[in-house]
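Asks: Starting off with a structure, shown below.
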Amino acid sequence: MVTKSITAENWHVRMGAPENGGSDGDGQRHGDVMLAEPKTQTKRPAMYKVILLNDDYTPMDFVVMVLEQIFRKPHSDALNVMLEVHQKGAGLAGVYTRDVAETKVDQVIEYARINDYPLQCTLEQDT
């Protein structure tokens, strides 16, 4: 039988039942093991910005469609990002973990190629 009691300072694990040579409550603690609390802390994963780049050939409604379908943006948000891409040359499509951001970039580029558009999409680490 293994019992665990967790405190803020450490982990205490009592291993074994009295019949298996463990502690029987008489003060002898043969099977006790004291483990220190792990020193490592979990961190949030790095986030990456997915950025759409302007070009002279991709229609605005295609960019809106990409934002709605791949990035799941509501129509009004997709229009705002598309206008930012058109007016400033680049627009933020979303911020994701690295794997998700890379997948989104690949999906945008593939979908644009299938539709014969040169739309480009990049990612950069969010600071």
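In the structure tokens, chains take letters A, B, ... by order of appearance, with residues numbered from 1 within each chain and ligands from 1 in the order shown.
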Write out as a PyMOL selection string the residues lying within 7 Å of range 85-92 of chain A, counting only C-alpha atoms and excluding same-chain residues fewer than 3 positions away.
Replies: chain A and resi 49-54+81-82
Asks: Given the selection you just returned, output its residues as a file containing C-alpha atoms, formatted as a short mmCIF file (atom, residue, chain, number, x, y, z; two decimals), in the first residue's frame.
Replies:
data_model
loop_
_atom_site.label_atom_id
_atom_site.label_comp_id
_atom_site.auth_asym_id
_atom_site.auth_seq_id
_atom_site.Cartn_x
_atom_site.Cartn_y
_atom_site.Cartn_z
CA LYS A 49 2.64 35.92 -34.11
CA VAL A 50 1.27 34.81 -37.49
CA ILE A 51 1.53 37.73 -39.91
CA LEU A 52 -0.09 38.03 -43.33
CA LEU A 53 1.90 40.01 -45.91
CA ASN A 54 0.45 42.24 -48.60
CA VAL A 81 -7.02 42.59 -40.42
CA MET A 82 -7.36 42.58 -44.21
#
Asks: Near Val100 in chain A, within 12 Å and counting only C-alpha atoms, which residues show up once chain neighbours fewer than 6 positions away are dropped, as a PDB file with N, CA and C atoms, in the first residue's frame?
Replies:
ATOM      1  N   PRO A  45       4.567  28.095 -22.791  1.00  0.00           N
ATOM      2  CA  PRO A  45       5.328  27.986 -24.040  1.00  0.00           C
ATOM      3  C   PRO A  45       5.455  29.352 -24.710  1.00  0.00           C
ATOM      4  N   ALA A  46       6.514  29.512 -25.471  1.00  0.00           N
ATOM      5  CA  ALA A  46       6.710  30.752 -26.221  1.00  0.00           C
ATOM      6  C   ALA A  46       5.570  30.898 -27.233  1.00  0.00           C
ATOM      7  N   MET A  47       5.134  32.119 -27.426  1.00  0.00           N
ATOM      8  CA  MET A  47       4.044  32.389 -28.358  1.00  0.00           C
ATOM      9  C   MET A  47       4.607  33.037 -29.617  1.00  0.00           C
ATOM     10  N   TYR A  48       3.949  32.779 -30.735  1.00  0.00           N
ATOM     11  CA  TYR A  48       4.402  33.280 -32.034  1.00  0.00           C
ATOM     12  C   TYR A  48       3.268  34.004 -32.740  1.00  0.00           C
ATOM     13  N   LYS A  49       3.613  35.137 -33.348  1.00  0.00           N
ATOM     14  CA  LYS A  49       2.643  35.919 -34.114  1.00  0.00           C
ATOM     15  C   LYS A  49       2.631  35.400 -35.550  1.00  0.00           C
ATOM     16  N   VAL A  50       1.441  35.183 -36.079  1.00  0.00           N
ATOM     17  CA  VAL A  50       1.271  34.814 -37.488  1.00  0.00           C
ATOM     18  C   VAL A  50       0.885  36.091 -38.219  1.00  0.00           C
ATOM     19  N   ILE A  70      -9.278  29.809 -41.822  1.00  0.00           N
ATOM     20  CA  ILE A  70      -8.092  29.231 -41.182  1.00  0.00           C
ATOM     21  C   ILE A  70      -7.898  29.763 -39.764  1.00  0.00           C
ATOM     22  N   PHE A  71      -8.155  31.060 -39.574  1.00  0.00           N
ATOM     23  CA  PHE A  71      -7.920  31.668 -38.270  1.00  0.00           C
ATOM     24  C   PHE A  71      -9.193  31.814 -37.442  1.00  0.00           C
ATOM     25  N   GLY A  94      -2.979  36.261 -35.841  1.00  0.00           N
ATOM     26  CA  GLY A  94      -3.205  35.605 -34.560  1.00  0.00           C
ATOM     27  C   GLY A  94      -1.901  35.325 -33.848  1.00  0.00           C
ATOM     28  N   ASP A 106       1.604  27.220 -42.825  1.00  0.00           N
ATOM     29  CA  ASP A 106       1.588  26.223 -43.904  1.00  0.00           C
ATOM     30  C   ASP A 106       0.217  26.138 -44.564  1.00  0.00           C
ATOM     31  N   GLN A 107      -0.846  26.198 -43.768  1.00  0.00           N
ATOM     32  CA  GLN A 107      -2.201  26.127 -44.326  1.00  0.00           C
ATOM     33  C   GLN A 107      -2.498  27.322 -45.222  1.00  0.00           C
ATOM     34  N   LEU A 123       5.823  33.901 -39.492  1.00  0.00           N
ATOM     35  CA  LEU A 123       5.637  33.927 -38.047  1.00  0.00           C
ATOM     36  C   LEU A 123       6.873  34.510 -37.404  1.00  0.00           C
TER      37      LEU A 123
END
Asks: Within 10 Å of Ala78 in chain A, counting only C-alpha atoms, which residues qualify if same-chain residues fewer than 2 places away don't, as a list of chain:residue names?
Replies: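 Contacts, with the query itself left out: A:Asp61, A:Val63, A:Val64, A:Met65, A:Val66, A:Leu67, A:Glu68, A:Gln69, A:Phe71, A:Arg72, A:Lys73, A:Pro74, A:His75, A:Ser76, A:Asn80, A:Val81, A:Met82, A:Leu83, A:Glu84, A:Ala93.
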Asks: Please save N, CA and C atoms of the selected residues as a JSON list (two decimals), in the first residue's frame.
Replies:
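Result saved to selection-v7.json:
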[["chain", "number", "residue", "atom", "x", "y", "z"],
["A", 61, "ASP", "N", -11.01, 39.90, -50.83],
["A", 61, "ASP", "CA", -11.99, 38.96, -50.31],
["A", 61, "ASP", "C", -11.39, 37.58, -50.06],
["A", 63, "VAL", "N", -8.32, 37.17, -48.87],
["A", 63, "VAL", "CA", -7.65, 37.35, -47.57],
["A", 63, "VAL", "C", -8.68, 37.26, -46.44],
["A", 64, "VAL", "N", -9.84, 37.87, -46.63],
["A", 64, "VAL", "CA", -10.91, 37.79, -45.63],
["A", 64, "VAL", "C", -11.34, 36.34, -45.44],
["A", 65, "MET", "N", -11.49, 35.61, -46.54],
["A", 65, "MET", "CA", -11.89, 34.21, -46.47],
["A", 65, "MET", "C", -10.83, 33.38, -45.71],
["A", 66, "VAL", "N", -9.56, 33.63, -45.97],
["A", 66, "VAL", "CA", -8.48, 32.93, -45.26],
["A", 66, "VAL", "C", -8.57, 33.21, -43.75],
["A", 67, "LEU", "N", -8.77, 34.46, -43.41],
["A", 67, "LEU", "CA", -8.86, 34.83, -41.99],
["A", 67, "LEU", "C", -10.07, 34.19, -41.31],
["A", 68, "GLU", "N", -11.16, 34.07, -42.04],
["A", 68, "GLU", "CA", -12.36, 33.46, -41.46],
["A", 68, "GLU", "C", -12.22, 31.94, -41.35],
["A", 69, "GLN", "N", -11.67, 31.31, -42.39],
["A", 69, "GLN", "CA", -11.64, 29.86, -42.41],
["A", 69, "GLN", "C", -10.45, 29.26, -41.65],
["A", 71, "PHE", "N", -8.15, 31.06, -39.57],
["A", 71, "PHE", "CA", -7.92, 31.67, -38.27],
["A", 71, "PHE", "C", -9.19, 31.81, -37.44],
["A", 72, "ARG", "N", -10.35, 31.40, -38.00],
["A", 72, "ARG", "CA", -11.63, 31.44, -37.32],
["A", 72, "ARG", "C", -11.98, 32.83, -36.78],
["A", 73, "LYS", "N", -11.69, 33.84, -37.59],
["A", 73, "LYS", "CA", -12.01, 35.23, -37.22],
["A", 73, "LYS", "C", -13.45, 35.53, -37.62],
["A", 74, "PRO", "N", -14.16, 36.30, -36.80],
["A", 74, "PRO", "CA", -15.47, 36.79, -37.23],
["A", 74, "PRO", "C", -15.28, 37.73, -38.43],
["A", 75, "HIS", "N", -16.31, 37.88, -39.22],
["A", 75, "HIS", "CA", -16.21, 38.66, -40.45],
["A", 75, "HIS", "C", -15.67, 40.08, -40.20],
["A", 76, "SER", "N", -16.17, 40.75, -39.18],
["A", 76, "SER", "CA", -15.72, 42.13, -38.93],
["A", 76, "SER", "C", -14.22, 42.17, -38.56],
["A", 80, "ASN", "N", -11.05, 43.95, -40.69],
["A", 80, "ASN", "CA", -10.07, 44.86, -40.09],
["A", 80, "ASN", "C", -8.63, 44.41, -40.32],
["A", 81, "VAL", "N", -8.38, 43.11, -40.18],
["A", 81, "VAL", "CA", -7.02, 42.59, -40.42],
["A", 81, "VAL", "C", -6.66, 42.74, -41.89],
["A", 82, "MET", "N", -7.61, 42.44, -42.78],
["A", 82, "MET", "CA", -7.36, 42.58, -44.21],
["A", 82, "MET", "C", -7.02, 44.02, -44.57],
["A", 83, "LEU", "N", -7.73, 44.98, -44.00],
["A", 83, "LEU", "CA", -7.43, 46.40, -44.27],
["A", 83, "LEU", "C", -6.06, 46.79, -43.73],
["A", 84, "GLU", "N", -5.69, 46.24, -42.59],
["A", 84, "GLU", "CA", -4.36, 46.50, -42.05],
["A", 84, "GLU", "C", -3.28, 45.94, -42.98],
["A", 93, "ALA", "N", -2.56, 38.07, -37.88],
["A", 93, "ALA", "CA", -3.68, 37.14, -38.01],
["A", 93, "ALA", "C", -3.99, 36.44, -36.69]]
Asks: List as an NGL selection string the protein and nucleic acid residues near Ile109 in chain A, meaning an atom at most 10 Å away when only C-alpha atoms are counted, but skip any in the same chain fewer than 6 places from it.
Replies: :A and (115 or 117-122)
Asks: Quick one: write out the picked residues with N, CA and C atoms as a PDB file, in the first residue's frame?
Replies:
ATOM      1  N   ASN A 115      -5.255  28.052 -54.922  1.00  0.00           N
ATOM      2  CA  ASN A 115      -6.101  29.040 -55.589  1.00  0.00           C
ATOM      3  C   ASN A 115      -5.320  29.995 -56.484  1.00  0.00           C
ATOM      4  N   TYR A 117      -2.795  32.090 -55.864  1.00  0.00           N
ATOM      5  CA  TYR A 117      -2.480  33.418 -55.330  1.00  0.00           C
ATOM      6  C   TYR A 117      -1.122  33.381 -54.630  1.00  0.00           C
ATOM      7  N   PRO A 118      -0.394  34.486 -54.678  1.00  0.00           N
ATOM      8  CA  PRO A 118       0.946  34.521 -54.056  1.00  0.00           C
ATOM      9  C   PRO A 118       0.941  34.981 -52.592  1.00  0.00           C
ATOM     10  N   LEU A 119      -0.190  34.879 -51.913  1.00  0.00           N
ATOM     11  CA  LEU A 119      -0.295  35.338 -50.530  1.00  0.00           C
ATOM     12  C   LEU A 119       0.805  34.709 -49.675  1.00  0.00           C
ATOM     13  N   GLN A 120       1.497  35.531 -48.901  1.00  0.00           N
ATOM     14  CA  GLN A 120       2.561  35.052 -48.018  1.00  0.00           C
ATOM     15  C   GLN A 120       2.153  35.255 -46.562  1.00  0.00           C
ATOM     16  N   CYS A 121       2.682  34.396 -45.732  1.00  0.00           N
ATOM     17  CA  CYS A 121       2.377  34.420 -44.307  1.00  0.00           C
ATOM     18  C   CYS A 121       3.657  34.032 -43.571  1.00  0.00           C
ATOM     19  N   THR A 122       3.986  34.733 -42.504  1.00  0.00           N
ATOM     20  CA  THR A 122       5.196  34.425 -41.750  1.00  0.00           C
ATOM     21  C   THR A 122       4.845  34.326 -40.264  1.00  0.00           C
TER      22      THR A 122
END
Asks: Between A:Asp32, A:Asp55, A:Gln125, A:Met60, which is the closest to Val95 in chain A once you count only C-alpha atoms?
Replies: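 Looking only at the distances to Val95 in chain A, the closest residue turns out to be A:Gln125.
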